[in-house]
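**Student:** Below is the structure I would like to discuss, written out as structure tokens.
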Amino acid sequence: RTQGNAAEKAFSAAVARVPALRGSLQFMEPGEVDPAALDAALDRLALATPSVKRIVLQALAAAVLSDRHVALAEFEMLRATARVLDCPI
């Protein structure tokens, strides 16, 4: 299995946790993500309601667990995102 396939599988697992978003999100290769746009999205998400934040974190956890293995970098990404959202885990 290639890294790209693993990333797409993780993306699909996350989207599956949010049925309302199915079909409205598009997978992007890691190199295609604009860091400034990601920062801006996290800033907006930090203003969301607790229930929205919970859904997002559950989706991220589904992505991390999609291959049944949690790498340290994946855990740290999840933890850092939760911290930015003021939802420490």
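Chain labels A, B, ... are given in the sequence in which chains occur in the structure tokens; within each chain residues are numbered consecutively from 1, and ligands are likewise numbered from 1 in the order shown.
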Mind listing the alpha helix (DSSP H) residues of chain A, per DSSP on the backbone, as an mmCIF file with N, CA and C atoms, in the first residue's frame?
**Tutor:**
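Final output, saved to out01.cif:
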data_model
loop_
_atom_site.group_PDB
_atom_site.id
_atom_site.type_symbol
_atom_site.label_atom_id
_atom_site.label_comp_id
_atom_site.auth_asym_id
_atom_site.auth_seq_id
_atom_site.Cartn_x
_atom_site.Cartn_y
_atom_site.Cartn_z
ATOM 1 N N GLN A 3 1.775 5.383 0.380
ATOM 2 C CA GLN A 3 1.430 6.419 1.344
ATOM 3 C C GLN A 3 0.215 7.209 0.874
ATOM 4 N N GLY A 4 0.112 7.465 -0.434
ATOM 5 C CA GLY A 4 -1.035 8.182 -0.980
ATOM 6 C C GLY A 4 -2.330 7.443 -0.727
ATOM 7 N N ASN A 5 -2.305 6.127 -0.929
ATOM 8 C CA ASN A 5 -3.502 5.339 -0.667
ATOM 9 C C ASN A 5 -3.879 5.373 0.808
ATOM 10 N N ALA A 6 -2.895 5.330 1.690
ATOM 11 C CA ALA A 6 -3.149 5.394 3.125
ATOM 12 C C ALA A 6 -3.757 6.745 3.493
ATOM 13 N N ALA A 7 -3.252 7.805 2.882
ATOM 14 C CA ALA A 7 -3.795 9.136 3.162
ATOM 15 C C ALA A 7 -5.238 9.249 2.676
ATOM 16 N N GLU A 8 -5.516 8.705 1.505
ATOM 17 C CA GLU A 8 -6.889 8.732 0.988
ATOM 18 C C GLU A 8 -7.821 7.897 1.851
ATOM 19 N N LYS A 9 -7.336 6.766 2.336
ATOM 20 C CA LYS A 9 -8.139 5.925 3.226
ATOM 21 C C LYS A 9 -8.435 6.676 4.520
ATOM 22 N N ALA A 10 -7.445 7.368 5.062
ATOM 23 C CA ALA A 10 -7.636 8.140 6.287
ATOM 24 C C ALA A 10 -8.649 9.270 6.045
ATOM 25 N N PHE A 11 -8.527 9.942 4.919
ATOM 26 C CA PHE A 11 -9.463 11.004 4.564
ATOM 27 C C PHE A 11 -10.884 10.452 4.487
ATOM 28 N N SER A 12 -11.047 9.333 3.818
ATOM 29 C CA SER A 12 -12.368 8.723 3.678
ATOM 30 C C SER A 12 -12.945 8.325 5.030
ATOM 31 N N ALA A 13 -12.104 7.824 5.920
ATOM 32 C CA ALA A 13 -12.563 7.455 7.265
ATOM 33 C C ALA A 13 -13.046 8.682 8.026
ATOM 34 N N ALA A 14 -12.344 9.791 7.871
ATOM 35 C CA ALA A 14 -12.749 11.022 8.555
ATOM 36 C C ALA A 14 -14.061 11.552 7.994
ATOM 37 N N VAL A 15 -14.177 11.591 6.690
ATOM 38 C CA VAL A 15 -15.395 12.106 6.053
ATOM 39 C C VAL A 15 -16.597 11.236 6.409
ATOM 40 N N ALA A 16 -16.379 9.934 6.544
ATOM 41 C CA ALA A 16 -17.474 9.029 6.896
ATOM 42 C C ALA A 16 -18.070 9.355 8.261
ATOM 43 N N PRO A 35 -0.239 25.830 3.906
ATOM 44 C CA PRO A 35 -0.164 25.995 5.358
ATOM 45 C C PRO A 35 -0.927 27.220 5.873
ATOM 46 N N ALA A 36 -0.912 28.309 5.136
ATOM 47 C CA ALA A 36 -1.635 29.514 5.575
ATOM 48 C C ALA A 36 -3.141 29.269 5.566
ATOM 49 N N ALA A 37 -3.629 28.557 4.565
ATOM 50 C CA ALA A 37 -5.052 28.233 4.508
ATOM 51 C C ALA A 37 -5.434 27.290 5.640
ATOM 52 N N LEU A 38 -4.554 26.348 5.964
ATOM 53 C CA LEU A 38 -4.808 25.442 7.085
ATOM 54 C C LEU A 38 -4.865 26.207 8.398
ATOM 55 N N ASP A 39 -3.940 27.121 8.598
ATOM 56 C CA ASP A 39 -3.959 27.962 9.812
ATOM 57 C C ASP A 39 -5.251 28.769 9.902
ATOM 58 N N ALA A 40 -5.667 29.349 8.803
ATOM 59 C CA ALA A 40 -6.903 30.135 8.792
ATOM 60 C C ALA A 40 -8.108 29.259 9.105
ATOM 61 N N ALA A 41 -8.133 28.052 8.564
ATOM 62 C CA ALA A 41 -9.246 27.134 8.834
ATOM 63 C C ALA A 41 -9.280 26.744 10.302
ATOM 64 N N LEU A 42 -8.112 26.497 10.885
ATOM 65 C CA LEU A 42 -8.069 26.161 12.312
ATOM 66 C C LEU A 42 -8.514 27.344 13.169
ATOM 67 N N ASP A 43 -8.153 28.545 12.773
ATOM 68 C CA ASP A 43 -8.604 29.741 13.505
ATOM 69 C C ASP A 43 -10.124 29.840 13.474
ATOM 70 N N ARG A 44 -10.728 29.596 12.321
ATOM 71 C CA ARG A 44 -12.200 29.638 12.221
ATOM 72 C C ARG A 44 -12.832 28.515 13.030
ATOM 73 N N LEU A 45 -12.233 27.346 12.954
ATOM 74 C CA LEU A 45 -12.766 26.199 13.684
ATOM 75 C C LEU A 45 -12.677 26.403 15.199
ATOM 76 N N ALA A 46 -11.679 27.123 15.649
ATOM 77 C CA ALA A 46 -11.539 27.402 17.079
ATOM 78 C C ALA A 46 -12.730 28.195 17.609
ATOM 79 N N PRO A 50 -18.838 23.794 20.818
ATOM 80 C CA PRO A 50 -18.211 22.554 21.315
ATOM 81 C C PRO A 50 -18.670 21.304 20.561
ATOM 82 N N SER A 51 -19.930 21.255 20.157
ATOM 83 C CA SER A 51 -20.401 20.055 19.456
ATOM 84 C C SER A 51 -19.737 19.923 18.088
ATOM 85 N N VAL A 52 -19.506 21.029 17.401
ATOM 86 C CA VAL A 52 -18.814 20.981 16.108
ATOM 87 C C VAL A 52 -17.356 20.556 16.317
ATOM 88 N N LYS A 53 -16.726 21.103 17.325
ATOM 89 C CA LYS A 53 -15.346 20.723 17.619
ATOM 90 C C LYS A 53 -15.250 19.233 17.917
ATOM 91 N N ARG A 54 -16.208 18.702 18.671
ATOM 92 C CA ARG A 54 -16.213 17.276 19.000
ATOM 93 C C ARG A 54 -16.310 16.432 17.725
ATOM 94 N N ILE A 55 -17.188 16.829 16.819
ATOM 95 C CA ILE A 55 -17.349 16.101 15.556
ATOM 96 C C ILE A 55 -16.051 16.112 14.769
ATOM 97 N N VAL A 56 -15.409 17.257 14.710
ATOM 98 C CA VAL A 56 -14.140 17.367 13.975
ATOM 99 C C VAL A 56 -13.078 16.479 14.605
ATOM 100 N N LEU A 57 -12.975 16.501 15.922
ATOM 101 C CA LEU A 57 -11.967 15.666 16.584
ATOM 102 C C LEU A 57 -12.274 14.185 16.415
ATOM 103 N N GLN A 58 -13.538 13.811 16.427
ATOM 104 C CA GLN A 58 -13.905 12.415 16.183
ATOM 105 C C GLN A 58 -13.529 12.007 14.755
ATOM 106 N N ALA A 59 -13.721 12.902 13.814
ATOM 107 C CA ALA A 59 -13.345 12.621 12.427
ATOM 108 C C ALA A 59 -11.829 12.484 12.304
ATOM 109 N N LEU A 60 -11.090 13.360 12.967
ATOM 110 C CA LEU A 60 -9.628 13.260 12.932
ATOM 111 C C LEU A 60 -9.158 11.961 13.578
ATOM 112 N N ALA A 61 -9.792 11.581 14.676
ATOM 113 C CA ALA A 61 -9.431 10.316 15.331
ATOM 114 C C ALA A 61 -9.711 9.138 14.395
ATOM 115 N N ALA A 62 -10.807 9.187 13.664
ATOM 116 C CA ALA A 62 -11.113 8.125 12.702
ATOM 117 C C ALA A 62 -10.034 8.049 11.628
ATOM 118 N N ALA A 63 -9.539 9.194 11.195
ATOM 119 C CA ALA A 63 -8.463 9.212 10.201
ATOM 120 C C ALA A 63 -7.199 8.584 10.772
ATOM 121 N N VAL A 64 -6.854 8.963 11.987
ATOM 122 C CA VAL A 64 -5.649 8.432 12.629
ATOM 123 C C VAL A 64 -5.746 6.917 12.793
ATOM 124 N N LEU A 72 3.357 8.092 16.234
ATOM 125 C CA LEU A 72 3.570 9.208 17.158
ATOM 126 C C LEU A 72 3.211 10.539 16.495
ATOM 127 N N ALA A 73 3.608 10.727 15.251
ATOM 128 C CA ALA A 73 3.310 11.983 14.542
ATOM 129 C C ALA A 73 1.802 12.188 14.403
ATOM 130 N N GLU A 74 1.060 11.099 14.160
ATOM 131 C CA GLU A 74 -0.398 11.208 14.048
ATOM 132 C C GLU A 74 -1.014 11.604 15.385
ATOM 133 N N PHE A 75 -0.551 10.972 16.455
ATOM 134 C CA PHE A 75 -1.061 11.300 17.777
ATOM 135 C C PHE A 75 -0.764 12.753 18.121
ATOM 136 N N GLU A 76 0.446 13.188 17.834
ATOM 137 C CA GLU A 76 0.827 14.575 18.133
ATOM 138 C C GLU A 76 -0.004 15.568 17.320
ATOM 139 N N MET A 77 -0.313 15.233 16.077
ATOM 140 C CA MET A 77 -1.157 16.099 15.249
ATOM 141 C C MET A 77 -2.556 16.201 15.850
ATOM 142 N N LEU A 78 -3.095 15.072 16.266
ATOM 143 C CA LEU A 78 -4.417 15.060 16.883
ATOM 144 C C LEU A 78 -4.418 15.856 18.180
ATOM 145 N N ARG A 79 -3.413 15.641 19.005
ATOM 146 C CA ARG A 79 -3.304 16.347 20.286
ATOM 147 C C ARG A 79 -3.146 17.855 20.068
ATOM 148 N N ALA A 80 -2.305 18.240 19.120
ATOM 149 C CA ALA A 80 -2.093 19.661 18.849
ATOM 150 C C ALA A 80 -3.362 20.318 18.311
ATOM 151 N N THR A 81 -4.074 19.620 17.440
ATOM 152 C CA THR A 81 -5.325 20.168 16.912
ATOM 153 C C THR A 81 -6.336 20.337 18.027
ATOM 154 N N ALA A 82 -6.440 19.344 18.901
ATOM 155 C CA ALA A 82 -7.367 19.438 20.037
ATOM 156 C C ALA A 82 -7.000 20.626 20.929
ATOM 157 N N ARG A 83 -5.724 20.838 21.104
ATOM 158 C CA ARG A 83 -5.288 21.964 21.943
ATOM 159 C C ARG A 83 -5.655 23.302 21.296
ATOM 160 N N VAL A 84 -5.444 23.424 19.986
ATOM 161 C CA VAL A 84 -5.803 24.649 19.276
ATOM 162 C C VAL A 84 -7.303 24.919 19.403
#
